[in-house]
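This report refers to the structure that appears directly beneath it.
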Amino acid sequence: NMMIGFFSPQIANYLIKKAPYYIGSLKTEVANQQLELYLLPDVQNKALKRVLDLIKSAKTSIKLAMFTLTHQKLIDELIKAKNRNVSVEVAIDFQSSKGASKKAMYRLRSNGVTILYSKGSKLCHHKYMLVDNKTLLSGSANCTKSAFGKNYDCFLILHNLDRGQKKFMKRLWKVIEFESFHK
């Protein structure tokens with residue numbers, strides 16, 4: 001998993017008041033970058049809608065690294081992005097790809113999405129999506145209905161990644177590629 005560190009009294013106060021058993025979202029700015037924070041579960045589907053909108057906004061690329069991917073609306077939107085000539089790559093845990101995520105991987109692969117499977121005994125336990133190499137979604141939530149509708153999870157969206165952040169994400173994806181295989 002990925003850890004993101006930043007200093008924000010506003011977010012700290014929000015989390016003290018809300019987490020871990022309240023839902024909601026907060027939009028703010030941290031170090032001149034827009035940041036959105038979503039606490040789940042989200043019975044109003046605002047968080048899910050935001051993730052779908054993020055996928056719809058992709059112009060050139062989506063890199064998604066996830067332990068479990070089963071949410072049909074997210075899968076549908078990834079396929080639509082691929083059909084819009086967006087480069088869509090999904091890294092998934094190999095065991096999950098044979099179990100819970102099996103149908104999703106089949107649908108994505110059948111629609112031309114590049115799938116990377118973790119190899120060896122290491123889990124692909126990441127939970128992030130990088131859109132157009134400039135917007136990062138990361139958190140504790142898998143791409144499942146339970147993550148959005150039942151689980152106490154959270155994620156944040158960091159906009160306009162700076163040069164160092166982009167460089168880190170590029171290196172991380174290279175490591176994922178190195179530790180994965182294609183079927």
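Convention: chains lettered A, B, ... in structure tokens order; per-chain residue numbering from 1; ligands numbered from 1 as shown.
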Can you pull out every residue within 12 Å of Ala104 of chain A, counting only C-alpha atoms, but drop anything in the same chain fewer than 2 positions away, and send it as a PDB file with N, CA and C atoms, in the first residue's frame?
ATOM      1  N   THR A  68      -8.525  -6.033  -5.223  1.00  0.00           N
ATOM      2  CA  THR A  68      -9.769  -6.637  -5.699  1.00  0.00           C
ATOM      3  C   THR A  68     -10.544  -5.623  -6.530  1.00  0.00           C
ATOM      4  N   LEU A  69     -10.997  -6.050  -7.694  1.00  0.00           N
ATOM      5  CA  LEU A  69     -11.771  -5.204  -8.605  1.00  0.00           C
ATOM      6  C   LEU A  69     -12.997  -5.985  -9.051  1.00  0.00           C
ATOM      7  N   THR A  70     -14.158  -5.604  -8.516  1.00  0.00           N
ATOM      8  CA  THR A  70     -15.394  -6.310  -8.858  1.00  0.00           C
ATOM      9  C   THR A  70     -16.558  -5.373  -9.156  1.00  0.00           C
ATOM     10  N   HIS A  71     -16.426  -4.079  -8.881  1.00  0.00           N
ATOM     11  CA  HIS A  71     -17.552  -3.152  -9.028  1.00  0.00           C
ATOM     12  C   HIS A  71     -17.881  -2.960 -10.507  1.00  0.00           C
ATOM     13  N   GLN A  72     -19.077  -3.401 -10.915  1.00  0.00           N
ATOM     14  CA  GLN A  72     -19.455  -3.405 -12.324  1.00  0.00           C
ATOM     15  C   GLN A  72     -19.469  -2.015 -12.943  1.00  0.00           C
ATOM     16  N   LYS A  73     -19.908  -1.009 -12.197  1.00  0.00           N
ATOM     17  CA  LYS A  73     -19.937   0.347 -12.761  1.00  0.00           C
ATOM     18  C   LYS A  73     -18.527   0.848 -13.055  1.00  0.00           C
ATOM     19  N   LEU A  74     -17.580   0.528 -12.198  1.00  0.00           N
ATOM     20  CA  LEU A  74     -16.195   0.927 -12.433  1.00  0.00           C
ATOM     21  C   LEU A  74     -15.604   0.174 -13.621  1.00  0.00           C
ATOM     22  N   ILE A  75     -15.913  -1.111 -13.704  1.00  0.00           N
ATOM     23  CA  ILE A  75     -15.439  -1.928 -14.828  1.00  0.00           C
ATOM     24  C   ILE A  75     -16.003  -1.387 -16.137  1.00  0.00           C
ATOM     25  N   ASP A  76     -17.305  -1.096 -16.149  1.00  0.00           N
ATOM     26  CA  ASP A  76     -17.937  -0.543 -17.352  1.00  0.00           C
ATOM     27  C   ASP A  76     -17.264   0.755 -17.786  1.00  0.00           C
ATOM     28  N   LEU A  78     -14.204   1.793 -17.087  1.00  0.00           N
ATOM     29  CA  LEU A  78     -12.845   1.532 -17.582  1.00  0.00           C
ATOM     30  C   LEU A  78     -12.886   1.054 -19.037  1.00  0.00           C
ATOM     31  N   ILE A  79     -13.856   0.214 -19.363  1.00  0.00           N
ATOM     32  CA  ILE A  79     -14.011  -0.268 -20.743  1.00  0.00           C
ATOM     33  C   ILE A  79     -14.382   0.887 -21.667  1.00  0.00           C
ATOM     34  N   VAL A  90      -4.430  -2.278 -15.852  1.00  0.00           N
ATOM     35  CA  VAL A  90      -4.879  -2.699 -14.527  1.00  0.00           C
ATOM     36  C   VAL A  90      -3.887  -3.709 -13.974  1.00  0.00           C
ATOM     37  N   ILE A  92      -3.448  -6.297 -10.882  1.00  0.00           N
ATOM     38  CA  ILE A  92      -4.341  -6.979  -9.937  1.00  0.00           C
ATOM     39  C   ILE A  92      -3.577  -8.095  -9.227  1.00  0.00           C
ATOM     40  N   SER A  96      -6.540 -12.891  -6.332  1.00  0.00           N
ATOM     41  CA  SER A  96      -7.828 -12.236  -6.519  1.00  0.00           C
ATOM     42  C   SER A  96      -8.321 -12.409  -7.954  1.00  0.00           C
ATOM     43  N   SER A  97      -7.382 -12.411  -8.916  1.00  0.00           N
ATOM     44  CA  SER A  97      -7.758 -12.564 -10.327  1.00  0.00           C
ATOM     45  C   SER A  97      -8.323 -13.952 -10.614  1.00  0.00           C
ATOM     46  N   LYS A  98      -8.000 -14.918  -9.771  1.00  0.00           N
ATOM     47  CA  LYS A  98      -8.536 -16.278  -9.931  1.00  0.00           C
ATOM     48  C   LYS A  98      -9.789 -16.468  -9.095  1.00  0.00           C
ATOM     49  N   GLY A  99     -10.071 -15.524  -8.208  1.00  0.00           N
ATOM     50  CA  GLY A  99     -11.219 -15.634  -7.307  1.00  0.00           C
ATOM     51  C   GLY A  99     -12.211 -14.512  -7.534  1.00  0.00           C
ATOM     52  N   ALA A 100     -12.281 -13.590  -6.579  1.00  0.00           N
ATOM     53  CA  ALA A 100     -13.288 -12.533  -6.593  1.00  0.00           C
ATOM     54  C   ALA A 100     -13.250 -11.676  -7.855  1.00  0.00           C
ATOM     55  N   SER A 101     -12.071 -11.408  -8.378  1.00  0.00           N
ATOM     56  CA  SER A 101     -11.933 -10.503  -9.535  1.00  0.00           C
ATOM     57  C   SER A 101     -11.914 -11.232 -10.881  1.00  0.00           C
ATOM     58  N   LYS A 102     -12.141 -12.533 -10.874  1.00  0.00           N
ATOM     59  CA  LYS A 102     -12.005 -13.343 -12.090  1.00  0.00           C
ATOM     60  C   LYS A 102     -12.882 -12.839 -13.242  1.00  0.00           C
ATOM     61  N   TYR A 106     -11.682 -11.018 -16.857  1.00  0.00           N
ATOM     62  CA  TYR A 106     -12.077 -11.561 -18.151  1.00  0.00           C
ATOM     63  C   TYR A 106     -12.715 -10.469 -19.008  1.00  0.00           C
ATOM     64  N   ARG A 107     -13.656  -9.704 -18.440  1.00  0.00           N
ATOM     65  CA  ARG A 107     -14.336  -8.637 -19.183  1.00  0.00           C
ATOM     66  C   ARG A 107     -13.343  -7.576 -19.638  1.00  0.00           C
ATOM     67  N   LEU A 108     -12.474  -7.154 -18.738  1.00  0.00           N
ATOM     68  CA  LEU A 108     -11.510  -6.116 -19.091  1.00  0.00           C
ATOM     69  C   LEU A 108     -10.557  -6.601 -20.181  1.00  0.00           C
ATOM     70  N   ARG A 109     -10.008  -7.803 -19.992  1.00  0.00           N
ATOM     71  CA  ARG A 109      -9.072  -8.363 -20.972  1.00  0.00           C
ATOM     72  C   ARG A 109      -9.765  -8.544 -22.325  1.00  0.00           C
ATOM     73  N   SER A 110     -11.023  -9.003 -22.319  1.00  0.00           N
ATOM     74  CA  SER A 110     -11.785  -9.205 -23.562  1.00  0.00           C
ATOM     75  C   SER A 110     -12.039  -7.893 -24.295  1.00  0.00           C
ATOM     76  N   ASN A 111     -11.968  -6.786 -23.575  1.00  0.00           N
ATOM     77  CA  ASN A 111     -12.198  -5.473 -24.168  1.00  0.00           C
ATOM     78  C   ASN A 111     -10.897  -4.704 -24.397  1.00  0.00           C
ATOM     79  N   VAL A 113      -8.200  -4.219 -22.432  1.00  0.00           N
ATOM     80  CA  VAL A 113      -7.493  -3.590 -21.323  1.00  0.00           C
ATOM     81  C   VAL A 113      -6.283  -4.446 -20.970  1.00  0.00           C
ATOM     82  N   ILE A 115      -3.827  -6.184 -18.616  1.00  0.00           N
ATOM     83  CA  ILE A 115      -3.906  -6.687 -17.244  1.00  0.00           C
ATOM     84  C   ILE A 115      -2.528  -7.192 -16.830  1.00  0.00           C
ATOM     85  N   CYS A 143     -11.937  -1.635  -5.263  1.00  0.00           N
ATOM     86  CA  CYS A 143     -12.992  -1.269  -6.213  1.00  0.00           C
ATOM     87  C   CYS A 143     -14.100  -2.313  -6.161  1.00  0.00           C
ATOM     88  N   THR A 144     -14.828  -2.307  -5.050  1.00  0.00           N
ATOM     89  CA  THR A 144     -15.913  -3.257  -4.826  1.00  0.00           C
ATOM     90  C   THR A 144     -17.150  -2.513  -4.331  1.00  0.00           C
TER      91      THR A 144
END
Report task. Determine which residues of segment 20-164 of chain A receive a DSSP assignment of alpha helix (DSSP H), computed from the backbone, and state them as JSON, numbers by chain. Result -> {"A": [46, 47, 48, 49, 50, 51, 52, 53, 54, 55, 56, 57, 72, 73, 74, 75, 76, 77, 78, 79, 80, 81, 82, 83, 94, 95, 96, 97, 98, 102, 103, 104, 105, 106, 107, 108, 109, 110, 145, 146, 147, 148, 149, 163, 164]}
Generate the output file for the selected residues, N, CA and C atoms, as a compact mmCIF listing (two decimals), in the first residue's frame.
# COMPACT_ATOMS: atom_id res chain seq x y z
N LYS A 46 -22.04 9.52 -3.59
CA LYS A 46 -21.25 10.67 -4.04
C LYS A 46 -19.81 10.26 -4.33
N ALA A 47 -19.25 9.40 -3.49
CA ALA A 47 -17.86 8.96 -3.69
C ALA A 47 -17.75 8.12 -4.96
N LEU A 48 -18.67 7.20 -5.15
CA LEU A 48 -18.65 6.38 -6.37
C LEU A 48 -18.80 7.26 -7.60
N LYS A 49 -19.73 8.19 -7.57
CA LYS A 49 -19.92 9.10 -8.70
C LYS A 49 -18.63 9.87 -8.98
N ARG A 50 -17.93 10.27 -7.94
CA ARG A 50 -16.70 11.04 -8.13
C ARG A 50 -15.63 10.18 -8.81
N VAL A 51 -15.53 8.92 -8.41
CA VAL A 51 -14.55 8.02 -9.04
C VAL A 51 -14.94 7.77 -10.50
N LEU A 52 -16.21 7.55 -10.76
CA LEU A 52 -16.67 7.36 -12.14
C LEU A 52 -16.37 8.60 -12.99
N ASP A 53 -16.62 9.79 -12.43
CA ASP A 53 -16.33 11.03 -13.14
C ASP A 53 -14.83 11.17 -13.42
N LEU A 54 -14.02 10.73 -12.49
CA LEU A 54 -12.57 10.78 -12.68
C LEU A 54 -12.15 9.89 -13.85
N ILE A 55 -12.72 8.69 -13.92
CA ILE A 55 -12.43 7.79 -15.05
C ILE A 55 -12.92 8.42 -16.36
N LYS A 56 -14.13 9.00 -16.33
CA LYS A 56 -14.68 9.65 -17.53
C LYS A 56 -13.82 10.81 -18.00
N SER A 57 -13.13 11.47 -17.08
CA SER A 57 -12.32 12.64 -17.43
C SER A 57 -10.98 12.27 -18.07
N GLN A 72 -19.08 -3.40 -10.91
CA GLN A 72 -19.45 -3.40 -12.32
C GLN A 72 -19.47 -2.01 -12.94
N LYS A 73 -19.91 -1.01 -12.20
CA LYS A 73 -19.94 0.35 -12.76
C LYS A 73 -18.53 0.85 -13.05
N LEU A 74 -17.58 0.53 -12.20
CA LEU A 74 -16.20 0.93 -12.43
C LEU A 74 -15.60 0.17 -13.62
N ILE A 75 -15.91 -1.11 -13.70
CA ILE A 75 -15.44 -1.93 -14.83
C ILE A 75 -16.00 -1.39 -16.14
N ASP A 76 -17.30 -1.10 -16.15
CA ASP A 76 -17.94 -0.54 -17.35
C ASP A 76 -17.26 0.75 -17.79
N GLU A 77 -16.98 1.62 -16.82
CA GLU A 77 -16.38 2.92 -17.15
C GLU A 77 -14.94 2.77 -17.64
N LEU A 78 -14.20 1.79 -17.09
CA LEU A 78 -12.84 1.53 -17.58
C LEU A 78 -12.89 1.05 -19.04
N ILE A 79 -13.86 0.21 -19.36
CA ILE A 79 -14.01 -0.27 -20.74
C ILE A 79 -14.38 0.89 -21.67
N LYS A 80 -15.27 1.76 -21.22
CA LYS A 80 -15.63 2.94 -22.03
C LYS A 80 -14.41 3.82 -22.27
N ALA A 81 -13.57 3.97 -21.25
CA ALA A 81 -12.35 4.76 -21.41
C ALA A 81 -11.45 4.12 -22.47
N LYS A 82 -11.29 2.81 -22.40
CA LYS A 82 -10.48 2.09 -23.39
C LYS A 82 -11.05 2.32 -24.79
N ASN A 83 -12.37 2.29 -24.90
CA ASN A 83 -13.02 2.50 -26.19
C ASN A 83 -12.88 3.94 -26.69
N PHE A 94 -2.79 -11.69 -8.21
CA PHE A 94 -3.02 -12.92 -8.95
C PHE A 94 -4.08 -13.79 -8.30
N GLN A 95 -4.02 -13.96 -6.99
CA GLN A 95 -5.03 -14.80 -6.31
C GLN A 95 -6.42 -14.20 -6.46
N SER A 96 -6.54 -12.89 -6.33
CA SER A 96 -7.83 -12.24 -6.52
C SER A 96 -8.32 -12.41 -7.95
N SER A 97 -7.38 -12.41 -8.92
CA SER A 97 -7.76 -12.56 -10.33
C SER A 97 -8.32 -13.95 -10.61
N LYS A 98 -8.00 -14.92 -9.77
CA LYS A 98 -8.54 -16.28 -9.93
C LYS A 98 -9.79 -16.47 -9.09
N LYS A 102 -12.14 -12.53 -10.87
CA LYS A 102 -12.00 -13.34 -12.09
C LYS A 102 -12.88 -12.84 -13.24
N LYS A 103 -14.17 -12.62 -12.99
CA LYS A 103 -15.08 -12.17 -14.05
C LYS A 103 -14.69 -10.79 -14.55
N ALA A 104 -14.29 -9.92 -13.65
CA ALA A 104 -13.89 -8.57 -14.03
C ALA A 104 -12.68 -8.60 -14.94
N MET A 105 -11.69 -9.42 -14.59
CA MET A 105 -10.47 -9.50 -15.40
C MET A 105 -10.79 -10.04 -16.78
N TYR A 106 -11.68 -11.02 -16.86
CA TYR A 106 -12.08 -11.56 -18.15
C TYR A 106 -12.72 -10.47 -19.01
N ARG A 107 -13.66 -9.70 -18.44
CA ARG A 107 -14.34 -8.64 -19.18
C ARG A 107 -13.34 -7.58 -19.64
N LEU A 108 -12.47 -7.15 -18.74
CA LEU A 108 -11.51 -6.12 -19.09
C LEU A 108 -10.56 -6.60 -20.18
N ARG A 109 -10.01 -7.80 -19.99
CA ARG A 109 -9.07 -8.36 -20.97
C ARG A 109 -9.76 -8.54 -22.32
N SER A 110 -11.02 -9.00 -22.32
CA SER A 110 -11.79 -9.20 -23.56
C SER A 110 -12.04 -7.89 -24.30
N LYS A 145 -18.31 -3.13 -4.47
CA LYS A 145 -19.53 -2.54 -3.93
C LYS A 145 -19.45 -2.39 -2.41
N SER A 146 -18.85 -3.38 -1.76
CA SER A 146 -18.73 -3.32 -0.30
C SER A 146 -17.88 -2.14 0.15
N ALA A 147 -16.80 -1.86 -0.57
CA ALA A 147 -15.94 -0.74 -0.18
C ALA A 147 -16.70 0.57 -0.19
N PHE A 148 -17.56 0.76 -1.19
CA PHE A 148 -18.30 2.00 -1.29
C PHE A 148 -19.58 2.00 -0.46
N GLY A 149 -20.19 0.83 -0.27
CA GLY A 149 -21.51 0.79 0.37
C GLY A 149 -21.58 0.23 1.76
N ARG A 163 6.23 17.43 -10.14
CA ARG A 163 7.24 16.63 -10.84
C ARG A 163 7.73 15.45 -10.01
N GLY A 164 8.01 15.69 -8.73
CA GLY A 164 8.48 14.62 -7.86
C GLY A 164 7.43 13.53 -7.65
Query - Contacts of Ser138 of chain A within 7 Å, only C-alpha atoms, excl. fewer than 5 positions in-chain, as a PyMOL selection string - result: chain A and resi 127-129+155-157
Limited to N, CA and C atoms, could you put the picked residues into a file as a PDB file, in the first residue's frame?
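That gives us again26.pdb:
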ATOM      1  N   LYS A 127      -3.914   0.074  -3.784  1.00  0.00           N
ATOM      2  CA  LYS A 127      -5.266   0.565  -4.007  1.00  0.00           C
ATOM      3  C   LYS A 127      -5.127   2.001  -4.498  1.00  0.00           C
ATOM      4  N   TYR A 128      -4.793   2.125  -5.783  1.00  0.00           N
ATOM      5  CA  TYR A 128      -4.674   3.473  -6.331  1.00  0.00           C
ATOM      6  C   TYR A 128      -5.017   3.492  -7.810  1.00  0.00           C
ATOM      7  N   MET A 129      -5.341   4.689  -8.278  1.00  0.00           N
ATOM      8  CA  MET A 129      -5.593   4.929  -9.690  1.00  0.00           C
ATOM      9  C   MET A 129      -4.911   6.235 -10.067  1.00  0.00           C
ATOM     10  N   PHE A 155     -10.624   7.295   0.877  1.00  0.00           N
ATOM     11  CA  PHE A 155      -9.663   7.543  -0.184  1.00  0.00           C
ATOM     12  C   PHE A 155      -9.539   9.039  -0.373  1.00  0.00           C
ATOM     13  N   LEU A 156      -8.436   9.412  -0.986  1.00  0.00           N
ATOM     14  CA  LEU A 156      -8.256  10.810  -1.324  1.00  0.00           C
ATOM     15  C   LEU A 156      -7.887  10.923  -2.780  1.00  0.00           C
ATOM     16  N   ILE A 157      -8.182  12.092  -3.327  1.00  0.00           N
ATOM     17  CA  ILE A 157      -7.814  12.407  -4.702  1.00  0.00           C
ATOM     18  C   ILE A 157      -6.903  13.618  -4.632  1.00  0.00           C
TER      19      ILE A 157
END
Sorted by chain and rising residue number, list the residues of segment 156-180 of chain A at most 12 Å from segment 130-134 of chain A (counting only C-alpha atoms), each with its closest atom pair and distance in Å to one decimal, as a Markdown table.
| residue | atom | partner | partner_atom | distance |
| --- | --- | --- | --- | --- |
| A:Leu156 | CA | A:Leu130 | CA | 11.9 |
| A:Ile157 | CA | A:Leu130 | CA | 9.6 |
| A:Leu158 | CA | A:Lys134 | CA | 8.5 |
| A:His159 | CA | A:Lys134 | CA | 6.5 |
| A:Asn160 | CA | A:Lys134 | CA | 5.1 |
| A:Leu161 | CA | A:Lys134 | CA | 4.9 |
| A:Asp162 | CA | A:Lys134 | CA | 7.9 |
| A:Arg163 | CA | A:Lys134 | CA | 9.4 |
| A:Gly164 | CA | A:Lys134 | CA | 11.3 |
| A:Gln165 | CA | A:Lys134 | CA | 8.9 |
| A:Lys166 | CA | A:Asn133 | CA | 6.6 |
| A:Lys167 | CA | A:Asn133 | CA | 9.6 |
| A:Phe168 | CA | A:Asn133 | CA | 10.8 |
| A:Met169 | CA | A:Leu130 | CA | 8.1 |
| A:Lys170 | CA | A:Asn133 | CA | 8.4 |
| A:Leu172 | CA | A:Leu130 | CA | 11.2 |
| A:Trp173 | CA | A:Leu130 | CA | 9.9 |
For those residues, write all heavy atoms to a file as a short mmCIF file (atom, residue, chain, number, x, y, z; two decimals), in the first residue's frame.
data_model
loop_
_atom_site.label_atom_id
_atom_site.label_comp_id
_atom_site.auth_asym_id
_atom_site.auth_seq_id
_atom_site.Cartn_x
_atom_site.Cartn_y
_atom_site.Cartn_z
N LEU A 156 -8.44 9.41 -0.99
CA LEU A 156 -8.26 10.81 -1.32
C LEU A 156 -7.89 10.92 -2.78
O LEU A 156 -7.40 9.98 -3.41
CB LEU A 156 -7.22 11.49 -0.42
CG LEU A 156 -5.78 10.99 -0.41
CD1 LEU A 156 -4.97 11.57 -1.55
CD2 LEU A 156 -5.15 11.39 0.90
N ILE A 157 -8.18 12.09 -3.33
CA ILE A 157 -7.81 12.41 -4.70
C ILE A 157 -6.90 13.62 -4.63
O ILE A 157 -7.29 14.66 -4.09
CB ILE A 157 -9.05 12.71 -5.57
CG1 ILE A 157 -10.00 11.51 -5.59
CG2 ILE A 157 -8.62 13.09 -6.99
CD1 ILE A 157 -11.34 11.77 -6.26
N LEU A 158 -5.71 13.46 -5.17
CA LEU A 158 -4.73 14.52 -5.20
C LEU A 158 -4.58 14.99 -6.65
O LEU A 158 -4.27 14.19 -7.53
CB LEU A 158 -3.39 14.03 -4.66
CG LEU A 158 -2.27 15.03 -4.52
CD1 LEU A 158 -2.65 16.16 -3.56
CD2 LEU A 158 -1.01 14.33 -4.01
N HIS A 159 -4.83 16.27 -6.86
CA HIS A 159 -4.82 16.83 -8.22
C HIS A 159 -3.49 17.50 -8.54
O HIS A 159 -2.77 17.93 -7.65
CB HIS A 159 -5.95 17.87 -8.37
CG HIS A 159 -7.31 17.29 -8.18
ND1 HIS A 159 -8.02 16.73 -9.22
CD2 HIS A 159 -8.08 17.15 -7.08
CE1 HIS A 159 -9.18 16.29 -8.77
NE2 HIS A 159 -9.24 16.53 -7.48
N ASN A 160 -3.22 17.60 -9.83
CA ASN A 160 -2.04 18.32 -10.34
C ASN A 160 -0.76 17.88 -9.65
O ASN A 160 -0.08 18.68 -9.01
CB ASN A 160 -2.24 19.84 -10.22
CG ASN A 160 -3.44 20.30 -11.01
OD1 ASN A 160 -3.63 19.89 -12.16
ND2 ASN A 160 -4.27 21.12 -10.40
N LEU A 161 -0.45 16.59 -9.80
CA LEU A 161 0.77 16.06 -9.20
C LEU A 161 1.97 16.88 -9.66
O LEU A 161 2.07 17.27 -10.82
CB LEU A 161 0.97 14.60 -9.60
CG LEU A 161 -0.10 13.61 -9.14
CD1 LEU A 161 0.27 12.20 -9.58
CD2 LEU A 161 -0.34 13.67 -7.66
N ASP A 162 2.88 17.11 -8.73
CA ASP A 162 4.09 17.85 -9.09
C ASP A 162 5.11 16.89 -9.70
O ASP A 162 4.88 15.67 -9.78
CB ASP A 162 4.65 18.63 -7.90
CG ASP A 162 5.15 17.74 -6.76
OD1 ASP A 162 5.57 16.59 -7.00
OD2 ASP A 162 5.15 18.23 -5.62
N ARG A 163 6.23 17.43 -10.14
CA ARG A 163 7.24 16.63 -10.84
C ARG A 163 7.73 15.45 -10.01
O ARG A 163 7.85 14.33 -10.50
CB ARG A 163 8.40 17.55 -11.22
CG ARG A 163 9.42 16.91 -12.09
CD ARG A 163 10.41 17.94 -12.59
NE ARG A 163 11.49 17.27 -13.29
CZ ARG A 163 12.75 17.59 -13.17
NH1 ARG A 163 13.12 18.59 -12.40
NH2 ARG A 163 13.66 16.93 -13.84
N GLY A 164 8.01 15.69 -8.73
CA GLY A 164 8.48 14.62 -7.86
C GLY A 164 7.43 13.53 -7.65
O GLY A 164 7.76 12.34 -7.63
N GLN A 165 6.18 13.93 -7.51
CA GLN A 165 5.10 12.96 -7.34
C GLN A 165 4.92 12.12 -8.60
O GLN A 165 4.73 10.91 -8.54
CB GLN A 165 3.80 13.68 -6.97
CG GLN A 165 3.85 14.32 -5.60
CD GLN A 165 2.78 15.38 -5.40
OE1 GLN A 165 2.27 15.97 -6.36
NE2 GLN A 165 2.43 15.62 -4.15
N LYS A 166 4.99 12.78 -9.75
CA LYS A 166 4.88 12.05 -11.02
C LYS A 166 6.03 11.06 -11.18
O LYS A 166 5.83 9.92 -11.62
CB LYS A 166 4.87 13.02 -12.20
CG LYS A 166 3.60 13.82 -12.32
CD LYS A 166 3.70 14.80 -13.47
CE LYS A 166 2.45 15.65 -13.56
NZ LYS A 166 2.54 16.62 -14.68
N LYS A 167 7.23 11.49 -10.82
CA LYS A 167 8.40 10.62 -10.91
C LYS A 167 8.23 9.40 -10.01
O LYS A 167 8.53 8.27 -10.41
CB LYS A 167 9.65 11.41 -10.53
CG LYS A 167 10.94 10.68 -10.72
CD LYS A 167 12.13 11.59 -10.40
CE LYS A 167 13.44 10.84 -10.55
NZ LYS A 167 14.58 11.69 -10.21
N PHE A 168 7.74 9.62 -8.78
CA PHE A 168 7.51 8.51 -7.86
C PHE A 168 6.49 7.53 -8.43
O PHE A 168 6.69 6.31 -8.39
CB PHE A 168 7.05 9.01 -6.49
CG PHE A 168 6.67 7.88 -5.57
CD1 PHE A 168 7.64 7.20 -4.86
CD2 PHE A 168 5.34 7.47 -5.45
CE1 PHE A 168 7.31 6.13 -4.04
CE2 PHE A 168 5.00 6.41 -4.63
CZ PHE A 168 5.98 5.74 -3.92
N MET A 169 5.39 8.04 -8.96
CA MET A 169 4.34 7.17 -9.50
C MET A 169 4.85 6.38 -10.71
O MET A 169 4.51 5.22 -10.88
CB MET A 169 3.10 7.99 -9.87
CG MET A 169 2.40 8.63 -8.68
SD MET A 169 2.03 7.50 -7.31
CE MET A 169 0.97 6.30 -8.09
N LYS A 170 5.69 7.01 -11.51
CA LYS A 170 6.28 6.30 -12.66
C LYS A 170 7.16 5.15 -12.19
O LYS A 170 7.10 4.04 -12.72
CB LYS A 170 7.07 7.28 -13.53
CG LYS A 170 7.60 6.68 -14.80
CD LYS A 170 8.30 7.72 -15.65
CE LYS A 170 8.78 7.10 -16.96
NZ LYS A 170 9.40 8.11 -17.83
N LEU A 172 6.98 3.61 -9.26
CA LEU A 172 6.12 2.59 -8.63
C LEU A 172 5.49 1.69 -9.68
O LEU A 172 5.46 0.47 -9.53
CB LEU A 172 5.05 3.25 -7.77
CG LEU A 172 4.06 2.31 -7.08
CD1 LEU A 172 4.78 1.31 -6.18
CD2 LEU A 172 3.04 3.11 -6.29
N TRP A 173 5.01 2.28 -10.77
CA TRP A 173 4.41 1.47 -11.83
C TRP A 173 5.44 0.54 -12.47
O TRP A 173 5.15 -0.60 -12.80
CB TRP A 173 3.73 2.33 -12.89
CG TRP A 173 2.86 1.51 -13.79
CD1 TRP A 173 3.16 1.10 -15.05
CD2 TRP A 173 1.59 0.94 -13.48
NE1 TRP A 173 2.14 0.32 -15.55
CE2 TRP A 173 1.16 0.21 -14.61
CE3 TRP A 173 0.76 0.98 -12.36
CZ2 TRP A 173 -0.05 -0.47 -14.65
CZ3 TRP A 173 -0.46 0.31 -12.40
CH2 TRP A 173 -0.84 -0.41 -13.54
#
**Report entry** Selected residue, from A:Leu116, A:Met66, A:Ile176, A:Asn151, that lies nearest to Glu89 of chain A when counting only C-alpha atoms
**Finding:**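 With only C-alpha atoms as the atom set, the closest residue is A:Leu116.
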For segment 58-155 of chain A versus segment 13-20 of chain A, which residues have an atom no more than 10 Å away, and what is each residue's nearest atom pair and distance in Å rounded to one decimal, using only C-alpha atoms, chain-then-number order, as JSON lines?
{"residue": "A:Tyr152", "atom": "CA", "partner": "A:Pro20", "partner_atom": "CA", "distance": 6.9}
{"residue": "A:Asp153", "atom": "CA", "partner": "A:Pro20", "partner_atom": "CA", "distance": 8.4}
{"residue": "A:Cys154", "atom": "CA", "partner": "A:Pro20", "partner_atom": "CA", "distance": 9.2}
Report task. May I ask which of the residues A:Val30, A:Gly24, A:Lys174, A:Ser140 is the closest one to Gly5 of chain A, counting only C-alpha atoms? Result ->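 Once distances to Gly5 of chain A are computed over only C-alpha atoms, the minimum belongs to A:Val30.
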Query raised in the report: Nearest to His125 of chain A among A:Lys59, A:Ala65, A:Phe178, A:Gly139, with distances taken over only C-alpha atoms: which residue is it?
Result: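 Nearest to His125 of chain A: A:Ala65.
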Report task. Point out the residue among A:Ser180, A:Thr28, A:Ile62, A:Phe7 with the least atom-to-atom distance to Ser121 of chain A, counting only C-alpha atoms. Result ->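 Between A:Ser180, A:Thr28, A:Ile62, A:Phe7, the residue approaching Ser121 of chain A most closely is A:Ser180.
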Query - Closest of A:Asp42, A:Asp93, A:Glu177, A:Glu36 to Tyr21 of chain A - atom-to-atom distances counting only C-alpha atoms - result: A:Asp42
